[in-house]
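Novice: Okay, handing you the structure first.
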Amino acid sequence: MRVYVPLTLSGLAEAYKTGELGTEPLVAYAVTPGLREWYLSDDIEELEYAALSRAALASLRLLAADPGAARRRTVVAVDVPDGRASVDPDRGLDPAALGEVRVAGAVVLAKVASVHVDAPEAEADVAAAAQALPAADGGDDDAQFVVDGAEDHELLWFATQEIQNLVALGG
């Protein structure tokens, strides 16, 4: 199963240093039954993109909680055995947890398929979105518009061989 792990560039730097992504259970996003039902599509590429987008929003939340992190959303794609990723039954019906899975066991950096990071041009919009996120969560339409502005930026795709260079950007 392909899962998308939300991080920051400093989180990616830590993973690069330790060889592992975060601590167990790792929160990630994937094509879950709930995501399939919500998105109403059978196209796996569209569904994978939706899961990646959910992880990008979770990365934005990490940035909002860490004002010192580089203002670039970061998502790591990794393949894990199906049995290691599961939906939390207590959060399965929560719209905020759509596509969310918990990955059991260590996820080693060597198993990463790709990394997705905002382009430098997105930093101002991502910074504004991270600052506006609490108000958007509270129902402020103007703040939601700012958050959506960050989502207008496509994450760039990077091969695993480029992780070292990405770490130098914000780690």
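All residue names refer to the structure tokens as shown: chains lettered A, B, ... in order, residues numbered from 1 in each chain, ligands numbered from 1 in order.
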Taking the DSSP assignment computed from this structure's backbone, write out as JSON, numbers by chain all residues of range 17-154 of chain A that belong to strand (DSSP E).
Specialist: {"A": [26, 27, 28, 29, 74, 75, 76, 77, 78, 79, 85, 86, 100, 101, 102, 103, 112, 113, 114, 115, 116, 117]}
Novice: For those residues, write C-alpha atoms to a file as a compact mmCIF listing (two decimals), in the first residue's frame.
Specialist:
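So the final result, stored in selection_20.txt, reads:
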# COMPACT_ATOMS: atom_id res chain seq x y z
CA LEU A 26 3.17 6.85 12.08
CA VAL A 27 0.27 8.98 10.82
CA ALA A 28 0.02 8.89 7.04
CA TYR A 29 -2.59 9.18 4.30
CA THR A 74 6.79 18.14 2.56
CA VAL A 75 5.26 14.71 1.91
CA VAL A 76 7.09 11.40 1.67
CA ALA A 77 5.57 8.56 -0.39
CA VAL A 78 6.42 5.08 0.82
CA ASP A 79 5.11 1.59 0.12
CA ALA A 85 -1.48 0.48 7.61
CA SER A 86 -4.89 0.69 9.21
CA GLU A 100 -5.76 8.95 7.44
CA VAL A 101 -4.03 5.71 8.38
CA ARG A 102 -1.71 4.60 11.16
CA VAL A 103 1.37 2.68 10.09
CA VAL A 112 10.79 5.69 0.42
CA ALA A 113 9.49 5.85 -3.16
CA SER A 114 9.60 9.64 -3.61
CA VAL A 115 9.47 12.96 -1.83
CA HIS A 116 7.10 15.84 -2.67
CA VAL A 117 7.99 19.40 -1.64
Novice: Please provide as a ChimeraX atom specification all residues within 9 Å of Val126 in chain A, with the sequence filter that same-chain residues fewer than 2 positions apart are discarded (counting only C-alpha atoms).
Specialist: /A:60,63,71-73,118,122-124,128-131,146-147,149-151,153
Novice: Between CA of Glu20 in chain A and CA of Val108 in chain A, measure the distance and give it in Å to one decimal.
Specialist: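 Interatomic distance here is 4.3 Å.
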Novice: From the options A:Ala70, A:Leu133, A:Leu47, A:Leu57, which residue's atoms come nearest to Leu9 in chain A, counting only C-alpha atoms?
Specialist: A:Ala70
Novice: Could you write out, as number ranges by chain, all the residues of range 6-132 of chain A that DSSP marks as helix (DSSP H, G or I)?
Specialist: A: 9-18, 33-39, 44-65, 82-84, 95-97, 109-111, 120-132
Novice: Which residue, A:Ala143, A:Ala104, A:Val31, A:Ala69, has the smallest gap to Ser10 in chain A when you use only C-alpha atoms?
Specialist: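 Of all the options, A:Ala69 lies closest to Ser10 in chain A.
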Novice: In Å, how far is it from CA of Ala13 in chain A to CA of Asn165 in chain A?
Specialist: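 It comes out at 10.0 Å.
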Novice: For Ala159 in chain A, which residue among A:Ala110, A:Ala97, A:Ala64, A:Met1 is the nearest when counting only C-alpha atoms?
Specialist: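 Of all the options, A:Ala110 lies closest to Ala159 in chain A.
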Novice: Provide the CA of Pro33 in chain A to CA of Ala58 in chain A distance in Å, to one decimal place.
Specialist: 19.2 Å
Novice: Ranking A:Tyr49, A:Phe158, A:Leu109, A:Leu35 by minimum distance to Ala96 in chain A and counting only C-alpha atoms, which one comes first?
Specialist: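 Ranked by minimum distance to Ala96 in chain A, first place goes to A:Leu35.
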Novice: So which one's closest to Glu121 in chain A, A:Glu162, A:Glu45, A:Asp152, A:Asp90? Using only C-alpha atoms, please.
Specialist: A:Asp152
Novice: Considering only C-alpha atoms, return as a list in words whatever protein or nucleic-acid residues lie within 9 Å of Gly22 in chain A, sequence-local ones (same chain, fewer than 2 positions apart) excluded.
Specialist: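 Residues meeting the cut-off are Leu7, Gly11, Glu14, Ala15, Glu20, Glu24, Pro25, Leu26, Val27, Ala106 and Val107 of chain A.
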Novice: May I have the residues within 12 Å of Arg36 in chain A as a ChimeraX atom specification, using only C-alpha atoms and disregarding those fewer than 3 positions away in the same chain?
Specialist: /A:30-33,39-51,98-99
Novice: Filtering to C-alpha atoms, could you give me those residues as a CSV table (one decimal), in the first residue's frame?
Specialist:
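Writing done, so here's result_5.csv:
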chain,number,residue,atom,x,y,z
A,30,ALA,CA,-3.6,6.6,1.8
A,31,VAL,CA,-6.4,5.5,-0.5
A,32,THR,CA,-8.8,4.2,2.1
A,33,PRO,CA,-12.5,3.0,1.7
A,39,TYR,CA,-13.9,11.1,-3.9
A,40,LEU,CA,-16.3,9.0,-6.0
A,41,SER,CA,-13.7,7.9,-8.4
A,42,ASP,CA,-12.3,4.5,-9.5
A,43,ASP,CA,-9.2,6.2,-11.1
A,44,ILE,CA,-6.3,5.1,-8.8
A,45,GLU,CA,-4.2,8.1,-9.9
A,46,GLU,CA,-6.9,10.5,-8.9
A,47,LEU,CA,-7.3,8.8,-5.6
A,48,GLU,CA,-3.6,8.7,-4.9
A,49,TYR,CA,-3.5,12.4,-5.7
A,50,ALA,CA,-6.3,13.0,-3.2
A,51,ALA,CA,-4.4,11.1,-0.5
A,98,LEU,CA,-10.4,11.3,5.6
A,99,GLY,CA,-7.7,9.0,4.1
Novice: Smallest atom-to-atom distance to Leu62 in chain A: which of A:Ala136, A:Val5, A:Ala168, A:Glu37, using only C-alpha atoms?
Specialist: A:Val5
